[in-house]
>>> print(open('query07.json').read())   # JSON, C-alpha atoms
[["chain", "number", "residue", "atom", "x", "y", "z"],
["A", 1, "MET", "CA", -19.74, -19.04, 3.79],
["A", 2, "PRO", "CA", -16.11, -19.69, 2.79],
["A", 3, "LYS", "CA", -13.51, -17.03, 3.39],
["A", 4, "TRP", "CA", -9.96, -16.72, 2.09],
["A", 5, "LYS", "CA", -7.23, -14.35, 3.20],
["A", 6, "VAL", "CA", -3.80, -13.68, 1.74],
["A", 7, "THR", "CA", -1.09, -11.53, 3.28],
["A", 8, "THR", "CA", 1.99, -10.07, 1.66],
["A", 9, "GLU", "CA", 4.81, -7.89, 2.96],
["A", 10, "PHE", "CA", 7.29, -5.85, 0.99],
["A", 11, "THR", "CA", 9.55, -2.82, 1.30],
["A", 12, "PHE", "CA", 10.28, 0.23, -0.78],
["A", 13, "ASP", "CA", 12.70, 3.13, -0.29],
["A", 14, "SER", "CA", 11.48, 6.70, -0.63],
["A", 15, "ALA", "CA", 12.05, 10.20, 0.65],
["A", 16, "HIS", "CA", 9.48, 12.61, 2.04],
["A", 17, "PHE", "CA", 8.87, 15.50, 4.38],
["A", 18, "ILE", "CA", 5.79, 16.38, 6.39],
["A", 19, "LYS", "CA", 4.53, 19.78, 5.35],
["A", 20, "ASP", "CA", 4.56, 22.39, 8.16],
["A", 21, "TYR", "CA", 5.94, 19.89, 10.70],
["A", 22, "ASP", "CA", 7.97, 21.67, 13.39],
["A", 23, "GLY", "CA", 10.90, 19.30, 13.74],
["A", 24, "PRO", "CA", 13.18, 16.97, 11.80],
["A", 25, "CYS", "CA", 10.27, 15.27, 9.99],
["A", 26, "GLY", "CA", 9.58, 18.61, 8.32],
["A", 27, "ARG", "CA", 12.87, 18.30, 6.42],
["A", 28, "MET", "CA", 13.47, 15.97, 3.49],
["A", 29, "HIS", "CA", 14.56, 12.53, 4.71],
["A", 30, "GLY", "CA", 14.17, 8.92, 3.66],
["A", 31, "HIS", "CA", 12.88, 5.60, 4.94],
["A", 32, "THR", "CA", 12.77, 1.98, 4.01],
["A", 33, "TYR", "CA", 9.02, 1.59, 4.27],
["A", 34, "ARG", "CA", 7.66, -1.84, 5.17],
["A", 35, "VAL", "CA", 4.15, -2.56, 3.93],
["A", 36, "ARG", "CA", 1.84, -5.40, 4.94],
["A", 37, "ILE", "CA", -1.33, -5.96, 2.95],
["A", 38, "GLU", "CA", -4.09, -8.38, 3.93],
["A", 39, "ALA", "CA", -6.74, -9.17, 1.32],
["A", 40, "THR", "CA", -9.87, -11.15, 2.20],
["A", 41, "THR", "CA", -12.75, -12.41, 0.10],
["A", 42, "GLN", "CA", -15.59, -14.92, 0.09],
["A", 43, "LYS", "CA", -15.17, -15.62, -3.63],
["A", 44, "LEU", "CA", -11.98, -16.38, -5.54],
["A", 45, "HIS", "CA", -11.09, -14.26, -8.57],
["A", 46, "SER", "CA", -9.03, -14.24, -11.73],
["A", 47, "SER", "CA", -6.40, -11.58, -12.27],
["A", 48, "GLU", "CA", -4.71, -9.56, -14.94],
["A", 49, "TYR", "CA", -2.11, -12.35, -15.10],
["A", 50, "CYS", "CA", -4.28, -15.48, -14.61],
["A", 51, "PRO", "CA", -7.71, -16.02, -16.25],
["A", 52, "HIS", "CA", -8.88, -18.66, -13.74],
["A", 53, "GLU", "CA", -10.85, -17.80, -10.61],
["A", 54, "VAL", "CA", -8.31, -19.32, -8.21],
["A", 55, "MET", "CA", -7.01, -16.44, -6.08],
["A", 56, "VAL", "CA", -8.09, -13.83, -3.57],
["A", 57, "ALA", "CA", -5.93, -11.27, -5.36],
["A", 58, "ASP", "CA", -2.76, -11.63, -7.35],
["A", 59, "PHE", "CA", 0.32, -10.98, -5.21],
["A", 60, "LYS", "CA", 1.80, -9.11, -8.16],
["A", 61, "THR", "CA", -1.14, -6.70, -8.07],
["A", 62, "LEU", "CA", -1.01, -6.32, -4.29],
["A", 63, "ARG", "CA", 2.69, -5.39, -4.46],
["A", 64, "TRP", "CA", 2.32, -2.60, -7.07],
["A", 65, "ALA", "CA", 3.85, -0.01, -4.69],
["A", 66, "LYS", "CA", 7.11, -1.99, -4.54],
["A", 67, "ARG", "CA", 7.84, -1.19, -8.20],
["A", 68, "ASP", "CA", 10.18, 1.61, -9.19],
["A", 69, "VAL", "CA", 8.44, 4.97, -9.51],
["A", 70, "SER", "CA", 9.21, 4.97, -13.26],
["A", 71, "LYS", "CA", 7.08, 1.80, -13.50],
["A", 72, "GLY", "CA", 4.13, 3.15, -11.49],
["A", 73, "GLY", "CA", 5.26, 2.24, -7.98],
["A", 74, "LEU", "CA", 6.62, 4.20, -5.03],
["A", 75, "ASP", "CA", 10.19, 2.90, -4.86],
["A", 76, "HIS", "CA", 12.96, 5.52, -5.07],
["A", 77, "CYS", "CA", 10.74, 8.58, -5.32],
["A", 78, "VAL", "CA", 9.93, 11.67, -3.30],
["A", 79, "LEU", "CA", 6.48, 10.80, -1.99],
["A", 80, "ASN", "CA", 5.50, 14.47, -1.82],
["A", 81, "ASP", "CA", 5.97, 14.64, -5.61],
["A", 82, "VAL", "CA", 4.13, 11.39, -6.40],
["A", 83, "MET", "CA", 1.17, 11.24, -4.04],
["A", 84, "PRO", "CA", -1.80, 13.54, -4.72],
["A", 85, "PRO", "CA", -1.95, 16.62, -2.46],
["A", 86, "GLU", "CA", -4.92, 15.31, -0.45],
["A", 87, "TYR", "CA", -2.58, 12.66, 1.01],
["A", 88, "GLU", "CA", -0.01, 14.08, 3.40],
["A", 89, "THR", "CA", 3.06, 11.88, 3.70],
["A", 90, "THR", "CA", 2.55, 10.62, 7.25],
["A", 91, "ALA", "CA", 2.59, 6.84, 7.71],
["A", 92, "GLU", "CA", -1.18, 6.99, 8.27],
["A", 93, "MET", "CA", -1.83, 8.74, 4.97],
["A", 94, "ILE", "CA", 0.67, 6.60, 3.05],
["A", 95, "ALA", "CA", -1.28, 3.56, 4.31],
["A", 96, "LYS", "CA", -4.53, 5.13, 3.08],
["A", 97, "TYR", "CA", -3.00, 6.01, -0.29],
["A", 98, "ILE", "CA", -1.69, 2.46, -0.81],
["A", 99, "TYR", "CA", -5.10, 1.13, 0.31],
["A", 100, "ASP", "CA", -7.00, 3.38, -2.13],
["A", 101, "GLU", "CA", -4.70, 2.62, -5.06],
["A", 102, "THR", "CA", -4.70, -1.12, -4.35],
["A", 103, "LYS", "CA", -8.48, -1.26, -3.89],
["A", 104, "ARG", "CA", -9.10, 0.23, -7.34],
["A", 105, "ARG", "CA", -6.88, -2.47, -8.91],
["A", 106, "LEU", "CA", -8.80, -5.38, -7.35],
["A", 107, "PRO", "CA", -12.12, -7.05, -8.13],
["A", 108, "GLU", "CA", -15.19, -6.04, -6.19],
["A", 109, "GLY", "CA", -15.68, -7.98, -2.97],
["A", 110, "VAL", "CA", -12.05, -8.03, -1.84],
["A", 111, "SER", "CA", -11.55, -6.42, 1.60],
["A", 112, "LEU", "CA", -8.18, -4.87, 2.41],
["A", 113, "LYS", "CA", -6.12, -3.90, 5.40],
["A", 114, "VAL", "CA", -2.88, -1.98, 4.78],
["A", 115, "ALA", "CA", -0.17, -1.40, 7.39],
["A", 116, "VAL", "CA", 2.85, 0.85, 6.81],
["A", 117, "SER", "CA", 5.98, 1.14, 8.92],
["A", 118, "GLU", "CA", 8.70, 3.72, 8.47],
["A", 119, "THR", "CA", 10.70, 2.50, 11.47],
["A", 120, "PRO", "CA", 11.08, -1.05, 12.83],
["A", 121, "ASN", "CA", 8.83, -0.43, 15.84],
["A", 122, "SER", "CA", 6.07, 1.89, 14.57],
["A", 123, "TRP", "CA", 3.15, 0.93, 12.31],
["A", 124, "ALA", "CA", 0.07, 2.69, 10.94],
["A", 125, "GLU", "CA", -2.89, 0.65, 9.68],
["A", 126, "TYR", "CA", -5.78, 1.56, 7.42],
["A", 127, "GLU", "CA", -8.90, -0.37, 6.50],
["A", 128, "ASP", "CA", -12.36, 0.75, 5.45],
["A", 129, "ASP", "CA", -15.45, -1.13, 6.59]]
>>> encode(input="query07.json", output="structure tokens")
Amino acid sequence: MPKWKVTTEFTFDSAHFIKDYDGPCGRMHGHTYRVRIEATTQKLHSSEYCPHEVMVADFKTLRWAKRDVSKGGLDHCVLNDVMPPEYETTAEMIAKYIYDETKRRLPEGVSLKVAVSETPNSWAEYEDD
């Protein structure tokens, strides 16, 4: 069976604090988050922007979080104010939030893996089997 995979990376800048964290991360601070998304499928799809079944997923759709918060993304926001309360603002939960929001924007049958970094040498990954 054929299989295609696309990968995209992007950054966005946001502030956050980790609720009840005993240390500096419990205070408001900001990061340039780096996000890597891998999308895999066995069938190519159309997208909101292209009617032909020629892509795994549209890069524009995969990069939704890069948009300014006023346009539905996560750039230049306070994550604690934008993300639903069931998602704490740790890198792990930001990865899950981006995964969940991206997954609902994609056709059925596209598998995702989302990695989020808030510092150059630390990453959190999320994927659901």
>>> closest_residue(input="query07.json", among="A:Thr32, A:Thr102, A:Thr61, A:Ser122", to="Ala15 of chain A", atoms="all atoms listed in the file")
A:Thr32
>>> residues_around(input="query07.json", residues="segment 22-27 of chain A", least_positions_apart="2", cutoff="12 Å", atoms="all atoms listed in the file", output="CSV table (one decimal) with C-alpha atoms, in the frame of the given file")
chain,number,residue,atom,x,y,z
A,15,ALA,CA,12.0,10.2,0.6
A,16,HIS,CA,9.5,12.6,2.0
A,17,PHE,CA,8.9,15.5,4.4
A,18,ILE,CA,5.8,16.4,6.4
A,19,LYS,CA,4.5,19.8,5.4
A,20,ASP,CA,4.6,22.4,8.2
A,29,HIS,CA,14.6,12.5,4.7
A,30,GLY,CA,14.2,8.9,3.7
A,31,HIS,CA,12.9,5.6,4.9
A,80,ASN,CA,5.5,14.5,-1.8
A,88,GLU,CA,0.0,14.1,3.4
A,89,THR,CA,3.1,11.9,3.7
A,90,THR,CA,2.6,10.6,7.2
A,91,ALA,CA,2.6,6.8,7.7
A,118,GLU,CA,8.7,3.7,8.5
>>> residues_around(input="query07.json", residues="Arg67 of chain A", least_positions_apart="3", cutoff="12 Å", atoms="all atoms listed in the file", output="list of chain:residue names")
A:Phe10, A:Thr11, A:Phe12, A:Asp13, A:Ser14, A:Lys60, A:Thr61, A:Leu62, A:Arg63, A:Trp64, A:Ser70, A:Lys71, A:Gly72, A:Gly73, A:Leu74, A:Asp75, A:His76, A:Cys77
>>> write_last_selection(input="query07.json", atoms="C-alpha atoms", output="PDB file, in the frame of the given file")
ATOM      1  CA  PHE A  10       7.290  -5.850   0.990  1.00  0.00           C
ATOM      2  CA  THR A  11       9.550  -2.820   1.300  1.00  0.00           C
ATOM      3  CA  PHE A  12      10.280   0.230  -0.780  1.00  0.00           C
ATOM      4  CA  ASP A  13      12.700   3.130  -0.290  1.00  0.00           C
ATOM      5  CA  SER A  14      11.480   6.700  -0.630  1.00  0.00           C
ATOM      6  CA  LYS A  60       1.800  -9.110  -8.160  1.00  0.00           C
ATOM      7  CA  THR A  61      -1.140  -6.700  -8.070  1.00  0.00           C
ATOM      8  CA  LEU A  62      -1.010  -6.320  -4.290  1.00  0.00           C
ATOM      9  CA  ARG A  63       2.690  -5.390  -4.460  1.00  0.00           C
ATOM     10  CA  TRP A  64       2.320  -2.600  -7.070  1.00  0.00           C
ATOM     11  CA  SER A  70       9.210   4.970 -13.260  1.00  0.00           C
ATOM     12  CA  LYS A  71       7.080   1.800 -13.500  1.00  0.00           C
ATOM     13  CA  GLY A  72       4.130   3.150 -11.490  1.00  0.00           C
ATOM     14  CA  GLY A  73       5.260   2.240  -7.980  1.00  0.00           C
ATOM     15  CA  LEU A  74       6.620   4.200  -5.030  1.00  0.00           C
ATOM     16  CA  ASP A  75      10.190   2.900  -4.860  1.00  0.00           C
ATOM     17  CA  HIS A  76      12.960   5.520  -5.070  1.00  0.00           C
ATOM     18  CA  CYS A  77      10.740   8.580  -5.320  1.00  0.00           C
TER      19      CYS A  77
END
>>> closest_residue(input="query07.json", among="A:Leu44, A:Val110, A:Val116, A:Cys50", to="Ala65 of chain A", atoms="all atoms listed in the file")
A:Val116
>>> closest_residue(input="query07.json", among="A:Glu48, A:Asp58, A:Asp68, A:Glu125", to="Ile98 of chain A", atoms="all atoms listed in the file")
A:Glu125
>>> atom_distance(input="query07.json", atom1="atom CA of Val6 of chain A", atom2="atom CA of Arg36 of chain A")
10.5 Å
>>> closest_residue(input="query07.json", among="A:Met55, A:Leu112, A:Val78, A:Met83", to="Thr40 of chain A", atoms="all atoms listed in the file")
A:Leu112
>>> atom_distance(input="query07.json", atom1="atom CA of Asp100 of chain A", atom2="atom CA of Glu127 of chain A")
9.6 Å
>>> closest_residue(input="query07.json", among="A:Lys113, A:Lys5, A:Arg34, A:Lys103", to="Val56 of chain A", atoms="all atoms listed in the file")
A:Lys5
>>> closest_residue(input="query07.json", among="A:Asn121, A:Tyr87, A:Ala57, A:Ile94", to="His45 of chain A", atoms="all atoms listed in the file")
A:Ala57
>>> atom_distance(input="query07.json", atom1="atom CA of Ala115 of chain A", atom2="atom CA of Tyr99 of chain A")
9.0 Å
>>> axis_aligned_box(input="query07.json", around="segment 93-99 of chain A", padding_each_side="4 Å", output="JSON")
{"center_x": -2.2, "center_y": 4.9, "center_z": 2.1, "size_x": 13.8, "size_y": 15.6, "size_z": 13.8}
>>> decode(input="query07.json", residues="segment 16-43 of chain A", atoms="C-alpha atoms", output="tab-separated table (two decimals), in the first residue's frame")
chain	number	residue	atom	x	y	z
A	16	HIS	CA	2.30	31.59	29.25
A	17	PHE	CA	2.67	30.46	32.82
A	18	ILE	CA	2.24	27.02	34.33
A	19	LYS	CA	-0.49	27.10	36.93
A	20	ASP	CA	0.69	26.22	40.47
A	21	TYR	CA	4.29	25.66	39.31
A	22	ASP	CA	6.75	26.38	42.14
A	23	GLY	CA	9.45	28.23	40.26
A	24	PRO	CA	10.05	30.70	37.43
A	25	CYS	CA	7.77	28.81	35.01
A	26	GLY	CA	4.88	29.68	37.32
A	27	ARG	CA	5.30	33.36	36.39
A	28	MET	CA	4.25	34.88	33.07
A	29	HIS	CA	7.05	34.55	30.51
A	30	GLY	CA	7.40	34.06	26.77
A	31	HIS	CA	8.93	31.70	24.24
A	32	THR	CA	9.51	31.39	20.56
A	33	TYR	CA	7.88	28.01	20.15
A	34	ARG	CA	9.12	25.77	17.36
A	35	VAL	CA	6.59	23.27	16.04
A	36	ARG	CA	7.21	20.28	13.78
A	37	ILE	CA	4.22	18.48	12.31
A	38	GLU	CA	4.40	15.20	10.40
A	39	ALA	CA	1.31	14.10	8.48
A	40	THR	CA	1.07	10.64	6.92
A	41	THR	CA	-1.59	9.00	4.78
A	42	GLN	CA	-2.16	6.13	2.38
A	43	LYS	CA	-4.51	8.21	0.20
